[in-house]
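This is work.txt. It holds compact mmCIF, C-alpha atoms and all ligand atoms.
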# COMPACT_ATOMS: atom_id res chain seq x y z
CA MET A 25 15.82 6.03 28.62
CA GLN A 26 16.96 2.47 29.20
CA PHE A 27 19.50 0.63 27.09
CA SER A 28 19.32 -2.87 28.50
CA LEU A 29 16.99 -5.75 27.73
CA THR A 30 14.57 -7.02 30.34
CA GLU A 31 15.02 -10.57 31.61
CA GLU A 32 12.09 -11.64 29.44
CA GLN A 33 13.60 -10.00 26.36
CA SER A 34 16.96 -11.68 26.99
CA ALA A 35 15.16 -15.03 27.27
CA ILE A 36 13.27 -14.42 24.01
CA GLN A 37 16.50 -13.45 22.27
CA GLU A 38 18.31 -16.54 23.58
CA THR A 39 15.50 -18.84 22.46
CA ALA A 40 15.49 -17.39 18.95
CA LEU A 41 19.28 -17.47 18.70
CA ALA A 42 19.44 -21.09 19.86
CA PHE A 43 16.85 -21.99 17.22
CA ALA A 44 18.83 -20.09 14.57
CA LYS A 45 22.05 -21.89 15.44
CA GLU A 46 20.54 -25.36 15.72
CA ARG A 47 17.79 -25.42 13.10
CA LEU A 48 18.74 -22.79 10.50
CA ALA A 49 22.50 -22.19 10.32
CA PRO A 50 23.52 -25.82 9.64
CA HIS A 51 21.26 -25.98 6.56
CA THR A 52 21.31 -22.45 5.19
CA LEU A 53 23.91 -23.09 2.45
CA GLU A 54 22.12 -26.22 1.27
CA TRP A 55 18.73 -24.48 1.16
CA ASP A 56 20.30 -21.71 -0.90
CA GLU A 57 21.98 -24.15 -3.26
CA LYS A 58 18.84 -26.25 -3.77
CA ALA A 59 16.38 -23.34 -3.68
CA HIS A 60 14.58 -25.22 -0.92
CA PHE A 61 11.85 -23.49 1.11
CA PRO A 62 12.03 -25.26 4.50
CA VAL A 63 8.36 -25.06 5.47
CA ASP A 64 8.64 -27.73 8.17
CA VAL A 65 11.43 -25.87 9.95
CA ILE A 66 9.57 -22.57 9.49
CA ARG A 67 6.49 -24.13 11.11
CA GLU A 68 8.58 -25.06 14.16
CA THR A 69 8.84 -21.34 14.96
CA ALA A 70 5.07 -21.20 15.53
CA ALA A 71 5.47 -23.49 18.54
CA LEU A 72 7.93 -20.92 19.91
CA GLY A 73 5.33 -18.14 19.54
CA MET A 74 7.05 -16.56 16.52
CA ALA A 75 4.19 -16.71 13.99
CA ALA A 76 1.97 -13.97 15.42
CA ILE A 77 4.52 -12.23 17.60
CA TYR A 78 2.89 -8.84 18.17
CA VAL A 79 -0.70 -9.97 17.78
CA PRO A 80 -2.47 -9.51 21.15
CA ASP A 81 -2.75 -12.73 23.16
CA THR A 82 -6.47 -12.02 23.65
CA ILE A 83 -7.00 -12.93 19.98
CA GLY A 84 -4.55 -15.80 19.75
CA GLY A 85 -1.21 -14.10 19.20
CA SER A 86 1.91 -14.07 21.36
CA GLY A 87 1.15 -10.61 22.75
CA LEU A 88 4.76 -9.46 22.50
CA SER A 89 6.05 -6.02 21.54
CA ARG A 90 7.58 -4.74 18.31
CA LEU A 91 10.89 -4.56 20.11
CA ASP A 92 10.56 -8.23 21.06
CA GLY A 93 9.74 -8.92 17.40
CA ALA A 94 12.86 -7.09 16.21
CA LEU A 95 15.01 -9.06 18.66
CA ILE A 96 13.51 -12.31 17.34
CA MET A 97 14.08 -11.37 13.69
CA GLU A 98 17.64 -10.28 14.39
CA ALA A 99 18.36 -13.56 16.18
CA LEU A 100 16.71 -15.79 13.55
CA SER A 101 18.55 -14.01 10.75
CA TYR A 102 21.85 -14.92 12.42
CA GLY A 103 21.05 -18.42 11.16
CA CYS A 104 19.42 -17.66 7.79
CA PRO A 105 18.24 -14.25 6.56
CA ALA A 106 16.10 -15.69 3.74
CA VAL A 107 14.09 -17.78 6.19
CA SER A 108 13.83 -15.11 8.88
CA ALA A 109 12.68 -12.57 6.29
CA TYR A 110 9.90 -14.90 5.19
CA ILE A 111 8.85 -15.33 8.85
CA SER A 112 8.80 -11.54 9.11
CA ILE A 113 6.37 -11.33 6.16
CA HIS A 114 4.11 -13.97 7.72
CA ASN A 115 4.08 -11.95 10.95
CA MET A 116 3.18 -8.81 9.03
CA VAL A 117 0.15 -10.57 7.55
CA ALA A 118 -0.89 -12.07 10.90
CA TRP A 119 -0.67 -8.64 12.50
CA MET A 120 -2.77 -7.00 9.76
CA VAL A 121 -5.45 -9.68 10.13
CA GLY A 122 -5.48 -9.16 13.90
CA LYS A 123 -5.52 -5.39 13.64
CA TYR A 124 -7.93 -4.85 10.76
CA GLY A 125 -9.95 -8.06 10.38
CA THR A 126 -13.55 -8.24 11.57
CA PRO A 127 -14.06 -10.26 14.78
CA GLU A 128 -15.36 -13.13 12.61
CA GLN A 129 -12.31 -13.01 10.34
CA VAL A 130 -9.92 -12.94 13.29
CA LYS A 131 -11.72 -15.84 14.92
CA ALA A 132 -11.68 -17.91 11.74
CA TRP A 133 -8.15 -17.15 10.52
CA MET A 134 -5.93 -16.27 13.48
CA PRO A 135 -5.63 -19.78 14.95
CA LYS A 136 -4.40 -21.06 11.59
CA LEU A 137 -1.99 -18.17 11.07
CA ALA A 138 -0.63 -18.24 14.63
CA SER A 139 -0.01 -21.98 14.41
CA MET A 140 1.34 -21.68 10.85
CA GLU A 141 -1.13 -24.31 9.73
CA TRP A 142 -1.51 -21.60 7.10
CA LEU A 143 1.58 -19.85 5.83
CA SER A 144 0.82 -16.45 4.35
CA SER A 145 1.94 -14.02 1.67
CA TYR A 146 1.58 -10.28 1.20
CA GLY A 147 0.50 -9.19 -2.28
CA LEU A 148 0.91 -5.50 -2.98
CA THR A 149 3.50 -5.11 -5.77
CA GLU A 150 2.46 -5.46 -9.42
CA PRO A 151 4.45 -5.51 -12.66
CA GLY A 152 3.59 -1.83 -13.21
CA ALA A 153 3.36 -0.73 -9.56
CA GLY A 154 6.34 -1.19 -7.23
CA SER A 155 7.53 1.90 -5.39
CA ASP A 156 4.39 3.65 -6.62
CA ALA A 157 2.09 1.04 -5.10
CA VAL A 158 -0.94 3.34 -5.34
CA ALA A 159 -0.81 2.76 -9.10
CA LEU A 160 -1.88 -0.87 -8.64
CA LYS A 161 -4.35 -2.11 -11.24
CA THR A 162 -5.69 -5.41 -9.88
CA THR A 163 -9.46 -5.03 -9.68
CA ALA A 164 -12.06 -6.53 -7.35
CA ARG A 165 -15.60 -6.18 -8.69
CA LYS A 166 -18.54 -6.99 -6.46
CA GLN A 167 -20.98 -9.48 -7.98
CA GLY A 168 -23.76 -10.53 -5.64
CA ASP A 169 -22.20 -12.16 -2.62
CA HIS A 170 -18.76 -12.44 -4.24
CA TYR A 171 -15.87 -10.24 -5.36
CA VAL A 172 -14.19 -11.12 -8.63
CA LEU A 173 -10.45 -10.37 -8.66
CA ASP A 174 -8.45 -9.84 -11.83
CA GLY A 175 -4.81 -8.84 -12.06
CA THR A 176 -1.23 -9.90 -11.44
CA LYS A 177 0.94 -9.45 -8.37
CA GLN A 178 4.70 -9.43 -8.88
CA PHE A 179 7.56 -10.68 -6.66
CA ILE A 180 5.34 -12.29 -4.02
CA SER A 181 7.40 -13.96 -1.31
CA GLY A 182 6.39 -17.50 -0.49
CA ALA A 183 3.87 -17.57 -3.34
CA GLY A 184 2.92 -21.01 -4.58
CA ALA A 185 3.97 -22.59 -1.28
CA THR A 186 1.81 -20.50 1.04
CA ASP A 187 -1.87 -20.89 1.84
CA PHE A 188 -3.26 -17.45 2.66
CA TYR A 189 -2.79 -14.41 0.38
CA PHE A 190 -3.37 -10.89 1.70
CA ILE A 191 -4.13 -9.20 -1.61
CA PHE A 192 -4.60 -5.50 -2.34
CA ALA A 193 -7.02 -4.73 -5.17
CA ARG A 194 -8.94 -1.79 -6.52
CA THR A 195 -12.64 -1.66 -5.66
CA GLY A 196 -13.02 2.04 -6.41
CA GLY A 197 -11.48 4.77 -8.53
CA GLU A 198 -7.85 5.79 -8.87
CA GLY A 199 -5.76 6.68 -5.84
CA ALA A 200 -5.27 5.19 -2.40
CA ASP A 201 -8.93 5.41 -1.38
CA GLY A 202 -9.94 3.06 -4.20
CA ILE A 203 -7.87 0.19 -2.77
CA SER A 204 -9.23 -2.61 -0.59
CA ALA A 205 -7.69 -5.73 0.92
CA PHE A 206 -8.80 -9.34 0.49
CA ALA A 207 -7.96 -12.73 1.87
CA VAL A 208 -7.51 -15.20 -0.97
CA MET A 209 -6.92 -18.86 -0.24
CA LYS A 210 -4.48 -20.84 -2.35
CA ASP A 211 -7.08 -23.24 -3.72
CA THR A 212 -9.44 -20.50 -4.96
CA PRO A 213 -10.42 -21.15 -8.60
CA GLY A 214 -8.87 -18.49 -10.84
CA LEU A 215 -5.74 -18.13 -8.66
CA SER A 216 -2.48 -19.33 -10.18
CA PHE A 217 1.24 -18.71 -9.86
CA GLY A 218 4.12 -17.84 -12.16
CA PRO A 219 7.36 -19.84 -12.15
CA ASN A 220 9.72 -19.49 -9.20
CA GLU A 221 11.91 -16.47 -10.09
CA LYS A 222 15.63 -17.14 -10.46
CA LYS A 223 17.17 -14.72 -8.00
CA MET A 224 20.55 -13.44 -6.85
CA GLY A 225 19.78 -14.46 -3.25
CA TRP A 226 16.90 -15.31 -0.94
CA ASN A 227 16.87 -18.71 -2.63
CA ALA A 228 15.51 -20.41 0.48
CA GLN A 229 12.13 -18.88 -0.23
CA PRO A 230 10.19 -18.82 -3.48
CA THR A 231 9.22 -15.60 -5.26
CA ARG A 232 6.45 -15.85 -7.82
CA GLN A 233 3.79 -13.89 -9.59
CA VAL A 234 0.31 -14.35 -8.19
CA ILE A 235 -2.15 -14.30 -11.04
CA MET A 236 -5.86 -13.74 -10.55
CA ASP A 237 -8.12 -14.46 -13.49
CA ASN A 238 -11.82 -14.27 -12.70
CA CYS A 239 -10.87 -15.27 -9.16
CA ARG A 240 -14.04 -15.32 -7.05
CA VAL A 241 -13.88 -14.84 -3.30
CA PRO A 242 -16.86 -14.52 -0.94
CA VAL A 243 -17.74 -11.01 0.29
CA ASN A 244 -16.50 -11.91 3.75
CA ALA A 245 -12.98 -12.13 2.29
CA LEU A 246 -12.97 -8.31 2.24
CA ILE A 247 -10.64 -7.52 5.14
CA GLY A 248 -12.34 -5.45 7.80
CA GLY A 249 -15.65 -5.56 5.93
CA PHE A 250 -15.20 -2.12 4.34
CA GLU A 251 -13.93 -1.07 0.95
CA GLY A 252 -11.33 1.66 0.48
CA ARG A 253 -9.11 1.01 3.49
CA GLY A 254 -6.61 -1.37 1.94
CA PHE A 255 -3.84 1.09 1.24
CA ARG A 256 -3.82 2.25 4.84
CA PHE A 257 -3.52 -1.38 5.96
CA ALA A 258 -0.68 -1.93 3.49
CA MET A 259 1.34 1.05 4.68
CA SER A 260 0.87 0.41 8.40
CA GLY A 261 1.88 -3.22 7.87
CA LEU A 262 5.02 -2.03 6.12
CA ASP A 263 6.07 0.23 9.00
CA GLY A 264 6.57 -2.90 11.09
CA GLY A 265 7.84 -4.90 8.12
CA ARG A 266 10.59 -2.33 7.59
CA ILE A 267 11.76 -2.65 11.18
CA ASN A 268 11.87 -6.42 10.78
CA ILE A 269 13.72 -6.41 7.48
CA GLY A 270 16.23 -4.02 9.04
CA ALA A 271 16.56 -6.45 11.95
CA CYS A 272 17.06 -9.27 9.43
CA SER A 273 20.18 -7.44 8.21
CA LEU A 274 21.64 -7.17 11.72
CA GLY A 275 21.84 -10.89 12.54
CA PRO A 276 23.82 -11.79 9.39
CA ALA A 277 26.10 -8.79 10.01
CA ALA A 278 26.84 -10.11 13.51
CA PHE A 279 27.41 -13.60 12.09
CA ALA A 280 29.79 -12.21 9.45
CA ILE A 281 31.74 -10.24 12.06
CA ASP A 282 32.10 -13.37 14.21
CA LYS A 283 33.32 -15.35 11.21
CA ALA A 284 35.71 -12.63 10.05
CA ARG A 285 37.20 -12.29 13.54
CA ASP A 286 37.77 -16.06 13.78
CA TYR A 287 39.30 -16.10 10.32
CA MET A 288 41.70 -13.30 11.27
CA PHE A 289 43.20 -15.64 13.87
CA GLU A 290 43.35 -18.62 11.49
CA ARG A 291 44.80 -17.05 8.38
CA LYS A 292 48.44 -16.05 8.07
CA ALA A 293 50.00 -13.59 5.61
CA PHE A 294 53.52 -12.18 5.63
CA GLY A 295 54.31 -14.41 8.62
CA LYS A 296 51.56 -12.95 10.82
CA ASN A 297 47.97 -13.65 11.68
CA LEU A 298 45.60 -11.35 9.82
CA ALA A 299 44.51 -10.21 13.29
CA GLU A 300 47.87 -8.47 13.67
CA PHE A 301 47.29 -6.06 10.77
CA GLN A 302 45.95 -2.85 12.15
CA VAL A 303 44.07 -2.00 8.96
CA LEU A 304 42.01 -5.18 9.44
CA GLN A 305 41.58 -4.52 13.15
CA PHE A 306 40.19 -1.10 12.26
CA LYS A 307 37.95 -2.60 9.58
CA LEU A 308 36.51 -4.96 12.19
CA ALA A 309 36.09 -2.06 14.62
CA ASP A 310 34.14 -0.06 12.03
CA MET A 311 31.97 -3.07 11.17
CA ALA A 312 31.07 -3.61 14.83
CA THR A 313 30.44 0.11 15.34
CA ASN A 314 28.10 0.29 12.36
CA LEU A 315 26.30 -2.84 13.50
CA GLU A 316 25.73 -1.30 16.90
CA ALA A 317 24.42 1.91 15.32
CA GLY A 318 22.05 -0.15 13.16
CA ARG A 319 20.80 -1.99 16.23
CA MET A 320 20.15 1.26 18.07
CA MET A 321 18.09 2.60 15.18
CA ILE A 322 16.03 -0.56 14.75
CA TYR A 323 15.35 -0.94 18.48
CA ARG A 324 14.47 2.75 18.68
CA ALA A 325 12.03 2.48 15.76
CA ALA A 326 10.43 -0.63 17.28
CA ASP A 327 10.10 1.11 20.62
CA ALA A 328 8.49 4.12 18.88
CA MET A 329 5.91 1.78 17.32
CA ASP A 330 5.22 0.16 20.69
CA ARG A 331 4.56 3.59 22.17
CA ALA A 332 2.47 4.71 19.14
CA ASP A 333 4.88 7.61 18.70
CA PRO A 334 3.60 9.80 15.83
CA GLN A 335 7.15 9.75 14.42
CA ALA A 336 7.25 5.95 14.31
CA SER A 337 6.92 5.71 10.50
CA MET A 338 9.88 8.04 10.07
CA TYR A 339 12.03 6.13 12.56
CA SER A 340 11.04 2.90 10.86
CA ALA A 341 12.13 4.28 7.46
CA MET A 342 15.38 5.61 8.96
CA GLY A 343 16.10 2.30 10.68
CA LYS A 344 15.32 0.24 7.57
CA ARG A 345 17.47 2.43 5.35
CA PHE A 346 20.42 2.50 7.73
CA ALA A 347 20.38 -1.09 9.00
CA THR A 348 20.00 -2.62 5.54
CA ASP A 349 22.79 -0.42 4.13
CA VAL A 350 25.26 -1.11 6.94
CA GLY A 351 24.24 -4.78 7.07
CA PHE A 352 25.14 -5.15 3.41
CA GLU A 353 28.41 -3.24 3.82
CA ILE A 354 29.41 -5.35 6.83
CA VAL A 355 28.87 -8.71 5.15
CA ASN A 356 30.70 -7.44 2.07
CA GLU A 357 33.65 -6.33 4.24
CA ALA A 358 33.63 -9.72 5.98
CA LEU A 359 33.87 -11.35 2.56
CA GLN A 360 36.86 -9.09 1.81
CA ILE A 361 38.61 -10.13 5.04
CA HIS A 362 38.26 -13.76 3.88
CA GLY A 363 40.13 -12.88 0.66
CA GLY A 364 39.59 -15.34 -2.19
CA TYR A 365 37.99 -17.84 0.20
CA GLY A 366 35.22 -15.34 0.88
CA TYR A 367 34.25 -15.66 -2.75
CA LEU A 368 33.79 -19.43 -2.39
CA LYS A 369 30.37 -20.77 -1.48
CA ASP A 370 31.66 -23.00 1.35
CA TYR A 371 32.58 -20.05 3.56
CA GLY A 372 29.05 -18.62 3.55
CA MET A 373 30.07 -14.99 3.05
CA GLU A 374 29.06 -14.64 -0.60
CA LYS A 375 25.60 -16.00 0.27
CA LEU A 376 25.12 -13.30 2.88
CA VAL A 377 26.12 -10.63 0.35
CA ARG A 378 23.57 -12.05 -2.11
CA ASP A 379 20.84 -12.38 0.53
CA LEU A 380 21.26 -8.97 2.11
CA ARG A 381 21.37 -7.10 -1.17
CA VAL A 382 17.61 -7.39 -1.61
CA HIS A 383 16.90 -5.88 1.81
CA GLN A 384 17.92 -2.55 0.29
CA ILE A 385 15.23 -3.01 -2.37
CA LEU A 386 12.10 -4.49 -0.83
CA GLU A 387 9.56 -3.33 1.75
CA GLY A 388 10.18 0.03 0.06
CA THR A 389 13.53 0.71 -1.59
CA ASN A 390 16.09 2.71 0.34
CA GLU A 391 15.38 5.62 -2.02
CA ILE A 392 11.72 5.43 -0.99
CA MET A 393 12.86 5.43 2.66
CA ARG A 394 14.53 8.75 1.93
CA VAL A 395 11.28 9.97 0.32
CA VAL A 396 9.37 9.04 3.51
CA ILE A 397 11.96 10.69 5.79
CA SER A 398 12.35 13.88 3.77
CA ARG A 399 8.58 14.26 3.43
CA LYS A 400 8.28 14.18 7.22
CA LEU A 401 11.09 16.68 7.62
CA LEU A 402 9.77 19.05 4.97
CA SER A 403 6.30 18.94 6.48
CA GLY A 404 7.73 20.52 9.60
CA ASN A 405 8.96 17.60 11.71
CA ARG A 406 12.15 18.35 13.60
CA GLY A 407 15.22 16.34 12.69
C1 LIG B 1 12.95 -11.02 -3.77
C2 LIG B 1 11.83 -10.05 -3.68
C3 LIG B 1 10.75 -10.33 -2.84
C4 LIG B 1 9.67 -9.45 -2.77
N1 LIG B 1 8.58 -9.77 -1.99
C5 LIG B 1 7.45 -9.02 -2.08
C6 LIG B 1 6.25 -9.46 -1.43
O1 LIG B 1 6.21 -10.48 -0.75
N2 LIG B 1 5.12 -8.69 -1.59
C7 LIG B 1 5.12 -7.56 -2.33
O2 LIG B 1 4.06 -6.94 -2.43
N3 LIG B 1 6.26 -7.13 -2.95
C8 LIG B 1 7.41 -7.82 -2.85
N4 LIG B 1 8.56 -7.41 -3.48
C9 LIG B 1 8.51 -6.20 -4.29
C10 LIG B 1 9.35 -5.05 -3.77
O3 LIG B 1 8.71 -4.49 -2.65
C11 LIG B 1 9.55 -4.06 -4.92
O4 LIG B 1 10.49 -4.66 -5.81
C12 LIG B 1 10.04 -2.71 -4.47
O5 LIG B 1 9.04 -2.03 -3.76
C13 LIG B 1 10.50 -1.82 -5.65
O6 LIG B 1 9.57 -1.83 -6.67
P1 LIG B 1 10.05 -2.09 -8.17
O7 LIG B 1 10.86 -3.33 -8.15
O8 LIG B 1 8.87 -2.03 -9.06
O9 LIG B 1 11.04 -0.88 -8.49
P2 LIG B 1 10.63 0.57 -9.08
O10 LIG B 1 9.53 1.13 -8.26
O11 LIG B 1 10.44 0.44 -10.54
O12 LIG B 1 11.95 1.38 -8.80
C14 LIG B 1 13.10 1.35 -9.65
C15 LIG B 1 14.15 2.29 -9.06
O13 LIG B 1 13.66 3.64 -9.04
C16 LIG B 1 13.75 4.16 -7.74
N5 LIG B 1 12.61 5.04 -7.48
C17 LIG B 1 11.30 4.81 -7.73
N6 LIG B 1 10.56 5.85 -7.34
C18 LIG B 1 11.41 6.77 -6.84
C19 LIG B 1 11.25 8.07 -6.27
N7 LIG B 1 10.05 8.63 -6.10
N8 LIG B 1 12.34 8.73 -5.87
C20 LIG B 1 13.58 8.16 -6.00
N9 LIG B 1 13.79 6.93 -6.52
C21 LIG B 1 12.72 6.25 -6.93
C22 LIG B 1 13.70 2.93 -6.82
O14 LIG B 1 14.27 3.21 -5.57
C23 LIG B 1 14.51 1.94 -7.64
O15 LIG B 1 15.87 2.15 -7.41
C24 LIG B 1 9.69 -8.24 -3.52
C25 LIG B 1 10.80 -7.96 -4.33
C26 LIG B 1 11.85 -8.84 -4.42
C27 LIG B 1 13.01 -8.51 -5.32
Go through the file and emit its structure as structure tokens.
Amino acid sequence: MQFSLTEEQSAIQETALAFAKERLAPHTLEWDEKAHFPVDVIRETAALGMAAIYVPDTIGGSGLSRLDGALIMEALSYGCPAVSAYISIHNMVAWMVGKYGTPEQVKAWMPKLASMEWLSSYGLTEPGAGSDAVALKTTARKQGDHYVLDGTKQFISGAGATDFYFIFARTGGEGADGISAFAVMKDTPGLSFGPNEKKMGWNAQPTRQVIMDNCRVPVNALIGGFEGRGFRFAMSGLDGGRINIGACSLGPAAFAIDKARDYMFERKAFGKNLAEFQVLQFKLADMATNLEAGRMMIYRAADAMDRADPQASMYSAMGKRFATDVGFEIVNEALQIHGGYGYLKDYGMEKLVRDLRVHQILEGTNEIMRVVISRKLLSGNRG
């Protein structure tokens, strides 16, 4: 067991952190305020190899590991969690295309995904199917050399601004085996979008319904060329997505701890710096301890995925649940240390609280993480 980063991993982490500090952090409050999706800045990450991170280099990806990916997401989220979380979703789609696409699909689509010429979205959730994603009702009916898609996807990150939609739809009967996956391009007739949802946080990326009404895609848009495999793709994509969303809670937690520590030296109360109050020192100590525990769990889950450990899904669920919970608690405590100023937009703490709240809900709610973990345990896995 080794607990230190390799030289290459340290370099990757430094590159991502420098980008976060220079290109994301200075604008994050403005993007939130204006609900601006900074696609140009997002596209800059492709040049750094962060658009198809763990896609093999033999097919046009960066050929890095899941652990490298988690380090990148953690570092980017230090600058802006809403942007890093979108980049995580794009990477999930790129990976699914690389892993499950036919050689022709990979050849045609990967260069555009890895360069971010195409930004992508992941369309699983529906108005009536969230946690219970198997209940999805969008249909894809084969007609000659086309599939016709009908249905509505809910809460789709990036939708309306992105180019490539990885859509899950029912080609067969009820249950997971009736679900297939399709690539739907933005300009496909019959594809439209709902209004940008007004959200508590994550305002630097749009969230919209994706509506398919008699939306015709060619048969070669069926991912992998076979029907009935979509749900498996969706779940395996989410294992990695959960690690990344957990990682996207760690960077902001580290940022909030840095800010809170600095503030404790600036702010005086009762004739002393806040840093002199032991209760606040202990609060900071607990925040840093929880952050470190979250890091260990996320890195461990990523490493398990890299080694194809059969327990990887469980570690991923544990890491997501824990890191997103402690991440939220840490930024909320950092707000508290800032007192009334923490509640003001200028200090950036209230934005982090709003942004990180949704990490406990999406990519599987933290209740669903407990369902995944307890299922594994009850089926005989050792704790
Ligand atoms: C900002 C945002 C962006 C999103 N982006 C995407 C995206 O890009 N693509 C995509 O496909 N989806 C996306 N989602 C959807 C997200 O994954 C779902 O919201 C999430 O899976 C929960 O589904 P739901 O909202 O329908 O809640 P529900 O499934 O209705 O759950 C409601 C509550 O019941 C609890 N619950 C449900 N079932 C159980 C159970 N068996 N045991 C215990 N508790 C349970 C849940 O934990 C939750 O607290 C996004 C959501 C948001 C808010």
Could you build a table of the residues in chain A lying no more than 7 Å from ligand LIG 1 (chain B), giving for each the nearest pair of atoms and their separation in Å rounded to one decimal place, using only C-alpha atoms and all ligand atoms, ordered by chain and ascending residue number, as a tab-separated table?
residue	atom	partner	partner_atom	distance
A:Ile113	CA	B:LIG1	O1	7.0
A:Ser145	CA	B:LIG1	O1	6.1
A:Tyr146	CA	B:LIG1	N2	4.8
A:Gly147	CA	B:LIG1	O2	4.2
A:Leu148	CA	B:LIG1	O2	3.5
A:Thr149	CA	B:LIG1	O2	3.8
A:Pro151	CA	B:LIG1	O8	6.7
A:Gly152	CA	B:LIG1	O8	6.7
A:Ala153	CA	B:LIG1	O8	5.7
A:Gly154	CA	B:LIG1	O8	3.2
A:Ser155	CA	B:LIG1	O10	3.6
A:Asp156	CA	B:LIG1	O10	6.0
A:Gln178	CA	B:LIG1	N3	6.5
A:Phe179	CA	B:LIG1	C24	4.5
A:Ile180	CA	B:LIG1	O1	3.8
A:Ser181	CA	B:LIG1	O1	3.7
A:Trp226	CA	B:LIG1	C1	6.5
A:Thr231	CA	B:LIG1	C3	6.0
A:Val382	CA	B:LIG1	C27	6.0
A:Ile385	CA	B:LIG1	C12	5.6
A:Leu386	CA	B:LIG1	O3	3.8
A:Glu387	CA	B:LIG1	O3	4.6
A:Gly388	CA	B:LIG1	O5	4.5
A:Thr389	CA	B:LIG1	O14	4.8
A:Asn390	CA	B:LIG1	O14	6.2
A:Glu391	CA	B:LIG1	O14	4.4
A:Ile392	CA	B:LIG1	O14	5.7
A:Val395	CA	B:LIG1	N8	6.4
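Put simply, atom CA of Asn220 of chain A is 9.5 Å away from atom CA of Gly182 of chain A.
Interatomic distance, atom CA of Asn238 of chain A against atom CA of Phe192 of chain A: 15.4 Å.
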| request: Just the residues within 7 Å of Asp237 of chain A, please, counting all atoms listed in the file, with nothing from its chain fewer than 3 positions along; format it as a PyMOL selection string. | output: chain A and resi 173-175+214-215
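One distance worth recording is that between atom CA of Ala138 of chain A and atom CA of Gly125 of chain A, which is 14.4 Å.
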| remark: Between A:Val303, A:Ala200, A:Ala277, A:Ala109, smallest distance to Leu315 of chain A by all atoms listed in the file belongs to A:Ala277
Dump as a tab-separated table the rows for residues of segment 195-310 of chain A within 12 Å of segment 32-44 of chain A: closest atom pair and distance in Å with one decimal, only C-alpha atoms counted, ordered by chain and rising residue number.
residue	atom	partner	partner_atom	distance
A:Gly275	CA	A:Leu41	CA	9.4
A:Pro276	CA	A:Ala44	CA	11.0
A:Ala278	CA	A:Leu41	CA	11.8
A:Phe279	CA	A:Ala44	CA	11.0
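Checking A:His362, A:Arg345, A:Arg381, A:Lys222 one by one against Arg291 of chain A, counting all atoms listed in the file, you find the shortest gap at A:His362.
Neighbouring residues of Gln384 of chain A at 12 Å or closer, counting only C-alpha atoms and skipping chain neighbours under 5 positions away, are Arg266, Ile269, Gly270, Cys272, Ser273, Ala341, Gly343, Lys344, Arg345, Phe346, Ala347, Thr348, Asp349, Val350, Gly351, Phe352, Glu353, Val377, Arg378, Asp379, Thr389, Asn390, Glu391, Ile392, Met393 and Arg394 of chain A.
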Please identify every residue of segment 90-129 of chain A that has at least one atom no farther than 10 Å from an atom of segment 248-255 of chain A, counting all atoms listed in the file, and for each give the shortest atom pair and the distance in Å to one decimal, arranged by chain then increasing number, as a Markdown table.
| residue | atom | partner | partner_atom | distance |
| --- | --- | --- | --- | --- |
| A:Met120 | CA | A:Gly248 | CA | 9.9 |
| A:Val121 | CA | A:Gly248 | CA | 8.4 |
| A:Gly122 | CA | A:Gly248 | CA | 9.9 |
| A:Lys123 | CA | A:Gly248 | CA | 9.0 |
| A:Tyr124 | CA | A:Gly248 | CA | 5.3 |
| A:Gly125 | CA | A:Gly248 | CA | 4.4 |
| A:Thr126 | CA | A:Gly248 | CA | 4.8 |
| A:Pro127 | CA | A:Gly248 | CA | 8.6 |
| A:Glu128 | CA | A:Gly248 | CA | 9.6 |
| A:Gln129 | CA | A:Gly248 | CA | 8.0 |
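Candidate residues A:Asn227, A:Ser216, A:Asn356, A:Ser260 were compared for distance to Lys58 of chain A, and the nearest is A:Asn227, using all atoms listed in the file.
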| Nearest to Ser112 of chain A by atom-to-atom distance, counting all atoms listed in the file, from A:Leu262, A:Asp56, A:Phe190, A:Gly225 | A:Leu262
Who sits within 10 Å of Thr212 of chain A, all atoms listed in the file, same chain under 2 positions skipped, as a PDB file with C-alpha atoms, in the coordinates of the input:
ATOM      1  CA  VAL A 208      -7.510 -15.200  -0.970  1.00  0.00           C
ATOM      2  CA  MET A 209      -6.920 -18.860  -0.240  1.00  0.00           C
ATOM      3  CA  LYS A 210      -4.480 -20.840  -2.350  1.00  0.00           C
ATOM      4  CA  GLY A 214      -8.870 -18.490 -10.840  1.00  0.00           C
ATOM      5  CA  LEU A 215      -5.740 -18.130  -8.660  1.00  0.00           C
ATOM      6  CA  SER A 216      -2.480 -19.330 -10.180  1.00  0.00           C
ATOM      7  CA  MET A 236      -5.860 -13.740 -10.550  1.00  0.00           C
ATOM      8  CA  CYS A 239     -10.870 -15.270  -9.160  1.00  0.00           C
ATOM      9  CA  ARG A 240     -14.040 -15.320  -7.050  1.00  0.00           C
ATOM     10  CA  VAL A 241     -13.880 -14.840  -3.300  1.00  0.00           C
TER      11      VAL A 241
END
List the residues sitting within 7 Å of (29.1, -13.3, 2.9) in the file's frame, using only C-alpha atoms, as a compact mmCIF listing (two decimals) with C-alpha atoms, keeping the file's coordinate frame.
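The resulting file, part-v5.txt, is shown below:
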# COMPACT_ATOMS: atom_id res chain seq x y z
CA ALA A 280 29.79 -12.21 9.45
CA VAL A 355 28.87 -8.71 5.15
CA ASN A 356 30.70 -7.44 2.07
CA ALA A 358 33.63 -9.72 5.98
CA LEU A 359 33.87 -11.35 2.56
CA GLY A 366 35.22 -15.34 0.88
CA GLY A 372 29.05 -18.62 3.55
CA MET A 373 30.07 -14.99 3.05
CA GLU A 374 29.06 -14.64 -0.60
CA LYS A 375 25.60 -16.00 0.27
CA LEU A 376 25.12 -13.30 2.88
CA VAL A 377 26.12 -10.63 0.35
